[in-house]
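Below is run_17.tsv, which holds TSV, C-alpha atoms and all ligand atoms.
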```
chain	number	residue	atom	x	y	z
A	1	MET	CA	132.86	60.36	109.23
A	2	SER	CA	135.25	57.63	108.09
A	3	LEU	CA	136.88	58.03	104.69
A	4	GLY	CA	136.24	54.44	103.59
A	5	LYS	CA	138.71	52.43	101.55
A	6	ILE	CA	139.95	53.95	98.27
A	7	ILE	CA	142.21	51.31	96.76
A	8	ASP	CA	144.91	52.25	94.22
A	9	LYS	CA	146.38	50.11	91.40
A	10	LYS	CA	148.92	48.56	93.79
A	11	ASN	CA	146.07	47.69	96.15
A	12	ASN	CA	147.02	50.41	98.67
A	13	ASP	CA	144.27	52.13	100.59
A	14	LEU	CA	144.83	55.82	99.71
A	15	SER	CA	142.53	57.04	102.48
A	16	LYS	CA	145.08	55.72	105.04
A	17	ARG	CA	147.65	58.16	103.64
A	18	ILE	CA	145.51	61.23	104.32
A	19	ASP	CA	146.52	63.33	107.32
A	20	LYS	CA	143.14	64.41	108.72
A	21	GLN	CA	144.83	67.33	110.48
A	22	LYS	CA	146.10	68.78	107.19
A	23	VAL	CA	143.00	68.63	105.02
A	24	PRO	CA	142.52	71.86	103.01
A	25	GLU	CA	139.56	73.84	104.31
A	26	HIS	CA	138.81	75.34	100.89
A	27	ILE	CA	139.36	73.54	97.57
A	28	ALA	CA	138.82	75.16	94.17
A	29	ILE	CA	138.37	73.10	91.01
A	30	ILE	CA	138.60	73.87	87.29
A	31	MET	CA	136.56	71.00	85.86
A	32	ASP	CA	138.11	70.65	82.41
A	33	GLY	CA	137.87	68.09	79.62
A	34	ASN	CA	134.14	67.28	79.33
A	35	GLY	CA	134.04	67.98	75.59
A	36	ARG	CA	137.25	66.12	74.76
A	37	TRP	CA	136.17	63.09	76.77
A	38	ALA	CA	132.84	62.86	74.93
A	39	THR	CA	134.37	63.46	71.47
A	40	ARG	CA	137.02	60.78	72.05
A	41	LYS	CA	134.27	58.34	72.92
A	42	GLY	CA	132.26	59.28	69.82
A	43	PHE	CA	129.52	61.07	71.80
A	44	PRO	CA	128.25	64.66	71.49
A	45	ARG	CA	129.97	67.17	73.84
A	46	SER	CA	126.70	67.47	75.80
A	47	PHE	CA	127.19	63.90	77.02
A	48	GLY	CA	130.52	64.96	78.53
A	49	HIS	CA	128.84	67.78	80.46
A	50	LYS	CA	126.17	65.38	81.78
A	51	GLN	CA	128.85	62.95	82.94
A	52	GLY	CA	130.68	65.95	84.43
A	53	VAL	CA	127.69	66.62	86.69
A	54	ASN	CA	127.80	63.04	88.03
A	55	VAL	CA	131.48	63.46	88.83
A	56	LEU	CA	130.84	66.81	90.54
A	57	LYS	CA	128.21	65.19	92.81
A	58	LYS	CA	130.74	62.51	93.82
A	59	ILE	CA	133.53	65.04	94.48
A	60	LEU	CA	131.18	67.21	96.55
A	61	LYS	CA	130.41	64.17	98.72
A	62	ALA	CA	134.09	63.21	98.92
A	63	SER	CA	135.05	66.75	100.01
A	64	LYS	CA	132.56	66.62	102.88
A	65	LYS	CA	133.72	63.14	103.89
A	66	LEU	CA	137.30	64.38	103.94
A	67	GLY	CA	136.46	67.21	106.35
A	68	CYS	CA	136.93	70.04	103.85
A	69	LYS	CA	134.51	72.96	104.47
A	70	ILE	CA	134.34	74.87	101.17
A	71	LEU	CA	134.29	73.73	97.53
A	72	THR	CA	134.40	76.32	94.73
A	73	VAL	CA	133.97	75.11	91.15
A	74	TYR	CA	134.29	76.86	87.78
A	75	ALA	CA	131.12	75.87	85.91
A	76	PHE	CA	130.91	78.65	83.29
A	77	SER	CA	133.47	81.33	82.52
A	78	THR	CA	132.87	84.75	80.96
A	79	GLU	CA	134.73	83.33	77.91
A	80	ASN	CA	132.35	80.33	77.58
A	81	TRP	CA	129.75	82.55	75.83
A	82	SER	CA	131.91	82.24	72.70
A	83	ARG	CA	130.95	78.55	72.37
A	84	PRO	CA	128.26	77.57	69.82
A	85	THR	CA	124.80	78.77	70.94
A	86	LYS	CA	123.57	75.16	71.11
A	87	GLU	CA	126.26	74.25	73.68
A	88	VAL	CA	125.68	77.43	75.73
A	89	ASP	CA	121.91	76.74	75.79
A	90	PHE	CA	122.56	73.13	76.76
A	91	LEU	CA	124.76	74.20	79.69
A	92	ILE	CA	122.20	76.76	80.89
A	93	ASN	CA	119.47	74.09	80.79
A	94	LEU	CA	121.74	71.62	82.55
A	95	PHE	CA	122.42	74.06	85.42
A	96	THR	CA	118.66	74.63	85.77
A	97	GLU	CA	117.80	70.91	85.76
A	98	VAL	CA	120.64	69.93	88.11
A	99	LEU	CA	119.62	72.59	90.60
A	100	LYS	CA	115.95	71.51	90.47
A	101	ASN	CA	116.91	67.87	91.07
A	102	GLU	CA	119.64	68.32	93.66
A	103	ILE	CA	118.64	71.26	95.83
A	104	LYS	CA	116.59	69.16	98.29
A	105	GLU	CA	119.55	66.89	99.09
A	106	ILE	CA	121.98	69.82	99.19
A	107	HIS	CA	119.73	71.49	101.78
A	108	GLU	CA	119.22	68.29	103.80
A	109	GLU	CA	122.98	67.96	104.11
A	110	SER	CA	123.16	71.49	105.55
A	111	THR	CA	125.12	72.77	102.56
A	112	LYS	CA	124.92	76.44	101.66
A	113	ILE	CA	125.00	76.98	97.88
A	114	LYS	CA	126.13	80.26	96.34
A	115	PHE	CA	126.45	81.29	92.71
A	116	ILE	CA	129.41	83.53	92.04
A	117	GLY	CA	129.49	85.71	88.93
A	118	ASP	CA	127.37	88.10	86.90
A	119	LEU	CA	123.98	86.42	86.62
A	120	THR	CA	122.43	89.25	84.53
A	121	PRO	CA	122.61	87.54	81.09
A	122	PHE	CA	121.05	84.24	82.25
A	123	PRO	CA	117.38	83.44	81.49
A	124	LYS	CA	114.70	84.24	84.06
A	125	ASN	CA	114.01	80.60	85.05
A	126	LEU	CA	117.69	79.95	85.89
A	127	LYS	CA	117.95	83.22	87.83
A	128	GLU	CA	114.80	82.29	89.79
A	129	ILE	CA	116.01	78.82	90.76
A	130	ILE	CA	119.42	80.22	91.72
A	131	SER	CA	117.78	82.82	93.92
A	132	SER	CA	115.41	80.32	95.60
A	133	SER	CA	118.25	77.80	96.15
A	134	GLU	CA	120.46	80.46	97.71
A	135	SER	CA	117.75	81.71	100.03
A	136	LEU	CA	116.65	78.16	101.02
A	137	THR	CA	120.20	77.22	102.04
A	138	LYS	CA	121.49	80.57	103.32
A	139	ASN	CA	121.55	79.56	107.00
A	140	ASN	CA	123.21	76.16	106.43
A	141	THR	CA	126.51	75.87	108.20
A	142	LYS	CA	128.08	72.45	107.53
A	143	PHE	CA	129.49	73.14	104.07
A	144	LEU	CA	129.75	75.97	101.54
A	145	PHE	CA	129.44	75.11	97.84
A	146	ASN	CA	130.33	77.99	95.48
A	147	VAL	CA	129.44	77.60	91.83
A	148	CYS	CA	131.16	80.16	89.58
A	149	VAL	CA	129.02	81.00	86.55
A	150	ASN	CA	129.66	83.79	84.05
A	151	TYR	CA	132.64	84.42	86.29
A	152	GLY	CA	135.95	86.03	85.35
A	153	GLY	CA	138.73	86.91	87.80
A	154	ARG	CA	139.80	90.10	85.99
A	155	GLN	CA	136.20	91.31	85.70
A	156	GLU	CA	135.76	90.69	89.44
A	157	ILE	CA	138.85	92.75	90.31
A	158	VAL	CA	137.77	95.63	88.02
A	159	LYS	CA	134.27	95.57	89.58
A	160	VAL	CA	135.72	95.92	93.09
A	161	ALA	CA	138.08	98.70	91.97
A	162	LYS	CA	135.10	100.60	90.50
A	163	GLU	CA	133.00	100.12	93.66
A	164	LEU	CA	135.80	101.37	95.89
A	165	ALA	CA	136.44	104.34	93.58
A	166	LEU	CA	132.74	105.26	93.74
A	167	LYS	CA	132.70	104.96	97.55
A	168	SER	CA	135.78	107.11	97.71
A	169	SER	CA	134.40	109.83	95.43
A	170	ALA	CA	131.18	109.81	97.47
A	171	GLY	CA	133.29	110.42	100.56
A	172	GLU	CA	132.29	107.09	102.18
A	173	ILE	CA	135.92	105.92	102.42
A	174	LYS	CA	139.29	107.62	102.16
A	175	PRO	CA	141.69	106.35	99.42
A	176	SER	CA	144.19	105.69	102.21
A	177	GLU	CA	141.73	103.21	103.77
A	178	ILE	CA	141.90	100.93	100.70
A	179	ASN	CA	143.98	97.93	101.65
A	180	GLU	CA	144.05	94.17	100.93
A	181	GLU	CA	141.56	93.40	103.69
A	182	LEU	CA	138.97	95.90	102.42
A	183	PHE	CA	139.50	94.84	98.79
A	184	ASN	CA	139.13	91.16	99.72
A	185	SER	CA	135.89	91.77	101.62
A	186	GLU	CA	134.35	93.37	98.50
A	187	LEU	CA	135.16	90.38	96.27
A	188	LEU	CA	132.36	88.03	95.19
A	189	LEU	CA	133.46	85.30	97.61
A	190	GLY	CA	132.98	87.88	100.37
A	191	GLY	CA	136.31	87.56	102.14
A	192	ILE	CA	136.11	83.84	103.00
A	193	LYS	CA	139.32	81.85	103.46
A	194	ASP	CA	141.32	81.59	100.21
A	195	PRO	CA	141.55	78.12	98.62
A	196	GLU	CA	144.60	76.26	99.89
A	197	LEU	CA	144.39	73.96	96.88
A	198	LEU	CA	143.41	74.42	93.22
A	199	ILE	CA	142.80	71.27	91.19
A	200	ARG	CA	142.63	71.46	87.40
A	201	THR	CA	141.82	68.40	85.34
A	202	SER	CA	142.73	67.42	81.75
A	203	GLY	CA	146.43	68.29	82.04
A	204	GLU	CA	146.04	71.98	81.14
A	205	LYS	CA	148.42	74.16	83.15
A	206	ARG	CA	146.54	77.47	83.23
A	207	ILE	CA	144.45	79.40	85.74
A	208	SER	CA	142.14	80.64	82.92
A	209	ASN	CA	140.88	83.79	84.67
A	210	PHE	CA	139.65	81.83	87.72
A	211	LEU	CA	139.83	83.44	91.21
A	212	LEU	CA	142.88	85.52	90.27
A	213	TRP	CA	143.04	87.32	93.61
A	214	GLN	CA	142.09	84.38	95.81
A	215	LEU	CA	144.57	81.89	94.29
A	216	ALA	CA	147.62	84.06	95.06
A	217	TYR	CA	149.15	81.48	97.41
A	218	SER	CA	147.15	78.34	96.57
A	219	GLU	CA	148.93	75.10	95.80
A	220	ILE	CA	148.12	73.99	92.24
A	221	TYR	CA	147.54	70.34	91.35
A	222	ILE	CA	147.19	69.38	87.70
A	223	SER	CA	145.49	66.04	87.05
A	224	GLU	CA	145.99	64.47	83.63
A	225	VAL	CA	142.56	62.85	83.92
A	226	LEU	CA	139.65	64.43	82.00
A	227	TRP	CA	136.90	65.69	84.34
A	228	PRO	CA	134.30	63.00	83.39
A	229	GLU	CA	136.85	60.35	84.47
A	230	PHE	CA	137.96	62.14	87.64
A	231	ASN	CA	136.87	60.28	90.77
A	232	GLU	CA	137.42	59.95	94.52
A	233	HIS	CA	140.68	58.08	93.92
A	234	GLU	CA	142.12	60.92	91.78
A	235	PHE	CA	140.80	63.43	94.31
A	236	LEU	CA	142.63	61.73	97.18
A	237	LYS	CA	145.81	61.67	95.06
A	238	ALA	CA	145.51	65.47	94.79
A	239	ILE	CA	145.06	65.81	98.56
A	240	ILE	CA	148.04	63.53	99.30
A	241	ASP	CA	150.19	65.56	96.89
A	242	TYR	CA	149.02	68.80	98.56
A	243	GLN	CA	149.89	67.40	101.99
A	244	SER	CA	153.43	66.67	100.83
A	245	ARG	CA	154.03	70.33	99.92
A	246	ASN	CA	155.89	72.79	102.07
A	247	ARG	CA	153.78	75.97	102.16
A	248	ARG	CA	156.07	78.91	102.93
A	249	PHE	CA	153.96	81.87	101.71
A	250	GLY	CA	157.05	83.64	100.39
A	251	GLY	CA	159.07	83.06	103.55
A	252	ILE	CA	161.82	80.49	104.09
A	253	GLU	CA	161.86	77.27	105.98
A	254	SER	CA	164.25	77.40	108.90
A	255	LEU	CA	166.63	74.50	108.76
A	256	PRO	CA	168.95	73.43	111.62
A	257	ASN	CA	172.55	74.77	111.37
A	258	GLU	CA	171.60	77.36	108.78
A	259	SER	CA	171.99	81.07	109.34
A	260	PHE	CA	171.87	84.01	106.97
A	261	GLU	CA	175.48	85.00	107.81
A	262	ASP	CA	176.71	81.54	106.78
A	263	SER	CA	175.14	81.75	103.36
A	264	GLN	CA	176.85	82.60	100.07
A	265	TYR	CA	175.15	86.02	100.16
A	266	SER	CA	177.14	87.41	103.11
A	267	SER	CA	180.11	89.60	102.21
B	301	LIG	C1	134.77	72.17	80.92
B	301	LIG	O1	134.87	71.20	79.92
B	301	LIG	C2	133.45	72.14	81.57
B	301	LIG	C3	132.50	73.11	81.49
B	301	LIG	C4	132.65	74.35	80.71
B	301	LIG	C5	131.20	72.95	82.16
B	301	LIG	C6	131.26	72.31	83.51
B	301	LIG	C7	129.90	72.21	84.05
B	301	LIG	C8	129.42	71.15	84.74
B	301	LIG	C9	130.21	69.94	85.05
B	301	LIG	C10	128.01	71.21	85.22
B	301	LIG	C11	127.96	71.82	86.61
B	301	LIG	C12	126.58	72.04	87.04
B	301	LIG	C13	126.20	72.69	88.18
B	301	LIG	C14	124.78	73.01	88.44
B	301	LIG	C15	127.16	73.12	89.18
B	301	LIG	P1	135.07	71.66	78.44
B	301	LIG	O2	133.75	71.72	77.77
B	301	LIG	O3	135.83	72.94	78.41
B	301	LIG	O4	135.93	70.50	77.87
B	301	LIG	P2	137.01	70.57	76.70
B	301	LIG	O5	138.12	71.44	77.22
B	301	LIG	O6	137.41	69.15	76.54
B	301	LIG	O7	136.32	71.15	75.50
```
Take the structure in the file and give it back as structure tokens.
Amino acid sequence: MSLGKIIDKKNNDLSKRIDKQKVPEHIAIIMDGNGRWATRKGFPRSFGHKQGVNVLKKILKASKKLGCKILTVYAFSTENWSRPTKEVDFLINLFTEVLKNEIKEIHEESTKIKFIGDLTPFPKNLKEIISSSESLTKNNTKFLFNVCVNYGGRQEIVKVAKELALKSSAGEIKPSEINEELFNSELLLGGIKDPELLIRTSGEKRISNFLLWQLAYSEIYISEVLWPEFNEHEFLKAIIDYQSRNRRFGGIESLPNESFEDSQYSS
């Protein structure tokens, strides 16, 4: 699929600057700034969330067009319950309505949708539509769309630790068998490839309890734009920035004419 022209302010086509060989396979997004955007415009916060859904639909499409395979978004954190009841209820209704309206197209595009988090406190109708959407799309293979709801990274890690402790005390595994691979496979994302790139909008420079384990080596891109104003252009800017990074995973880049003995550390 061609990327199409995405023109920047200087009339440059950003899509031409994308290296198709270096597109991240898994992108995670903290969609932040819905409330602030709406308030600044004199609208209720709910309007910001509605606009946020429109942006999410566009970014989902843009990710597929780019050749990315997995998109994981933070839609509702374990901390979001502390918002006013009216806003929490609005968000729960919005998730339900969006799923009802979009699931047909999501399925037709061979996208598998998964909800990541503790669904227990959500109302029955939302739980039902989540369950039917997940089972309808479970065999789709083109794209994986993870929506994190009532999700918290610390809670996820504690849950896995408890499960492994129980398995160990039941004699199903030995403590010595617990390693990163086993731990990772028990996480809610089920051991899929970690995100290479995390995008957070609205200029905030925090991870906010999102995918704490999985983001260990992800590149982080902070966009100053509030989520309702984020678009394909801003998305491509994040990808171009990611592609300019040198991912060393804690190692060092080997440069010509450089040896350890030559360095200032040798005695
Ligand atoms: C953060 O903005 C946004 C949220 C807490 C909700 C995001 C949810 C959506 C965009 C809907 C997604 C729907 C589905 C079905 C996937 P904020 O309210 O924290 O903004 P603020 O920081 O300006 O207050």
task = Could you check how far CA of Ser223 in chain A sits from atom O2 of ligand LIG 301 (chain B), in Å to one decimal?
result =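 These atoms are spaced 16.0 Å apart.
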task = Using all atoms listed in the file, give me every residue within 7 Å of (131.0, 70.1, 88.1) in file coordinates, as a ChimeraX atom specification.
result = /A:31,52-53,55-56,73,75
key: Residue nearest Lys64 in chain A among A:Asn139, A:Thr96, A:Gln51, A:Ile106 (counting all atoms listed in the file)   = A:Ile106
ask   = Within 9 Å of ligand LIG 301 (chain B), counting all atoms listed in the file, which protein or nucleic acid residues do you find, written as a ChimeraX atom specification?
value = /A:30-39,45-46,48-57,73-77,80,87,91-92,94-99,102,115,146-149,202,204,226-228
request  = Mind listing whatever residues come within 12 Å of the point (112.2, 70.7, 98.5)? Use all atoms listed in the file, file coordinates, and give them as a list in words.
outcome  = Leu99, Lys100, Asn101, Glu102, Ile103, Lys104, Glu105, Ile106, His107, Glu108, Ile129, Ser132, Ser133, Leu136 and Thr137 of chain A
ask   = In Å, how far is it from CA of Pro195 in chain A to CA of Ser218 in chain A?
value =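 Result for CA of Pro195 in chain A versus CA of Ser218 in chain A: 6.0 Å, one decimal.
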key: Selected residue, from A:Lys69, A:Arg200, A:His233, A:Lys61, that lies nearest to Ile29 in chain A when counting all atoms listed in the file   =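 The closest residue to Ile29 in chain A is A:Arg200.
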message = Please determine, counting all atoms listed in the file, which residue among A:Thr78, A:Ser208, A:Gln214, A:Ser168 has the shortest atom-to-atom distance to Leu189 in chain A.
response =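 Looking at the shortest contact to Leu189 in chain A, the residue is A:Gln214.
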message = So, with all atoms listed in the file as the atoms that count, which of A:Leu187, A:Leu14, A:Val88, A:Leu197 lies closest to Ile70 in chain A?
response =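 Looking at the shortest contact to Ile70 in chain A, the residue is A:Leu197.
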